[in-house]
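Trainee: Just dropping this structure here.
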Amino acid sequence: MLKFSYCNATDLNQALVQCRFAGSFGPLSSRRRSPRAAVSCSRSNLTPIQAVLSCQQQVGSDPVESELGSLADRLRLGGLTEDGLSYKEKFIIRCYEVGINKTATIETIANLLQEVGGNHAQSVGFSRDGFATSPTMRKLHLIWVTARMHIEVYKYPAWSDVIEIETWCQNEGRIGTRRDWILKDVATGEVIGRATSKWVMMNEDTRRLQKVSDDVKEEYLVFCPREPRLAFPEENNKSLKKISKLEDPVQYSRLGLMVNEPILI
């Protein structure tokens, strides 16, 4: 589950939710260290599909984990696109994922975005037991931390609706990367939502932000679009706006809240 440290939401013709996260870990992150020795997969000259096969051959896998992974892959309604530069997955909206009006909640949408991001990372060969971290990241104890996420929902899917979510990631800045999503109604092909997020790299031991090294970039940029691709390509779109600061005194406040341990993915 995604843990919101601050959310600012409006519900007009579209539902706009813009959230800041504190301590949430990204789609290629981990707080658990892999017991395997890290293996460097040099893939800069390979196609995305070749890179997946190359990394899997070099890293290897536990037979039990491999069997479980293949079973999950067979049951999962998703996979890499033909060019290998994005990932699509279909989801059925369950009864326990909807609110009183029988449509999916924003929490459900956020959880599905995180799920498809993690599945994307696994599908390109990043480790399962290390929560989809790359070999170099595990070796250097590096994790991704969510810095910002922006979600827009134009039409909430209802109970038993089938939606398809496409996601992709790309480089952004010296210490960050970004992941975008597009949500579609499978029955109509209509775009019902979009989202974007920014992740920064942190050292797991020191908890300090760290520049994304060339070795890490080499491992994941091969799976990124060659040209910038944005879920919100429009100029002056709402995803570019900063979250307003809370005024003091705030209208509503509550003290003594305990922050739960963040979910790793």
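So you can find residues: chains in the structure tokens are A, B, ... in the order shown, residues in each start at 1, and ligands are numbered from 1 in order.
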Give me the residues near Arg179 (chain A) as a count of residues only, where near means some atom within 9 Å (using only C-alpha atoms) and where sequence neighbours in that chain fewer than 2 positions away do not count.
Mentor: 14
Trainee: For region 88-93 of chain A, find every residue with an atom within 7 Å (counting only C-alpha atoms), except residues of its own chain fewer than 5 positions away, and show them as a PyMOL selection string.
Mentor: chain A and resi 77-81+116+158-167
Trainee: With distances taken over only C-alpha atoms, which of A:Lys184, A:Tyr156, A:Pro135, A:Ala147 is nearest to Gly99 (chain A)?
Mentor: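 Closest residue, counting only C-alpha atoms: A:Tyr156.
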Trainee: Using Å and a single decimal, report how far CA of Leu142 (chain A) sits from CA of Asn203 (chain A).
Mentor: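 Between these atoms lies a distance of 4.7 Å.
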Trainee: Can you measure CA of Trp144 (chain A) to CA of Thr206 (chain A) for me? One decimal in Å is fine.
Mentor: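 Taking CA of Trp144 (chain A) as the start and CA of Thr206 (chain A) as the end point, the length is 13.6 Å.
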Trainee: Measure the distance from CA of Lys238 (chain A) to CA of Glu107 (chain A) in Å and round it to one decimal.
Mentor: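 Interatomic distance here is 20.0 Å.
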Trainee: Apply DSSP to the structure's backbone, then extract all residues of region 65-189 of chain A labelled alpha helix (DSSP H) and return them as JSON, numbers by chain.
Mentor: {"A": [65, 66, 67, 68, 69, 70, 71, 72, 73, 74, 75, 106, 107, 108, 109, 110, 111, 112, 113, 114, 115, 116, 117, 118, 119, 120, 121, 122, 123, 135, 136, 137, 138, 139, 140]}
Trainee: Can you list, as a ChimeraX atom specification, all residues belonging to region 66-166 of chain A that DSSP tags as strand (DSSP E)?
Mentor: /A:78-80,87-92,142-153,162-166
Trainee: Only C-alpha atoms, please: the residues just picked out, written as a tab-separated table (two decimals), in the first residue's frame.
Mentor:
chain	number	residue	atom	x	y	z
A	78	GLY	CA	0.52	-8.43	-18.49
A	79	GLY	CA	3.90	-8.25	-20.16
A	80	LEU	CA	6.36	-6.09	-22.02
A	87	TYR	CA	4.84	-2.71	-19.82
A	88	LYS	CA	1.07	-3.27	-19.95
A	89	GLU	CA	-1.13	-5.20	-17.57
A	90	LYS	CA	-4.89	-5.74	-17.23
A	91	PHE	CA	-6.72	-5.73	-13.91
A	92	ILE	CA	-10.28	-6.61	-12.89
A	142	LEU	CA	20.99	1.58	-3.13
A	143	ILE	CA	17.24	2.08	-3.14
A	144	TRP	CA	14.71	4.28	-4.93
A	145	VAL	CA	12.65	6.67	-2.82
A	146	THR	CA	9.47	8.35	-4.04
A	147	ALA	CA	9.90	12.12	-4.10
A	148	ARG	CA	6.67	13.09	-5.84
A	149	MET	CA	3.63	11.51	-7.46
A	150	HIS	CA	0.78	13.06	-9.42
A	151	ILE	CA	-2.38	11.16	-10.35
A	152	GLU	CA	-5.31	12.33	-12.45
A	153	VAL	CA	-8.43	10.17	-12.78
A	162	VAL	CA	-11.39	-4.32	-16.65
A	163	ILE	CA	-8.69	-1.70	-16.99
A	164	GLU	CA	-5.29	-1.76	-18.67
A	165	ILE	CA	-2.34	0.14	-17.22
A	166	GLU	CA	0.75	0.94	-19.28
Trainee: Determine the nearest neighbour of Thr105 (chain A) from the options A:Leu183, A:Ala72, A:Lys155, A:Gly125, counting only C-alpha atoms.
Mentor: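 Comparing A:Leu183, A:Ala72, A:Lys155, A:Gly125 against Thr105 (chain A), the winner is A:Lys155.
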Trainee: For each of A:Arg174, A:Ser123, A:Glu204, A:Thr103, take the minimum atom-to-atom distance to Pro157 (chain A), counting only C-alpha atoms, then give the residue where this is smallest.
Mentor: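 Ranking A:Arg174, A:Ser123, A:Glu204, A:Thr103 by distance to Pro157 (chain A), first place goes to A:Thr103.
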Trainee: Return the single residue from A:Thr188, A:Thr136, A:Ser239, A:Ser213 that is closest to Gly173 (chain A), with distances computed using only C-alpha atoms.
Mentor: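 Selected residue with least distance to Gly173 (chain A): A:Ser213.
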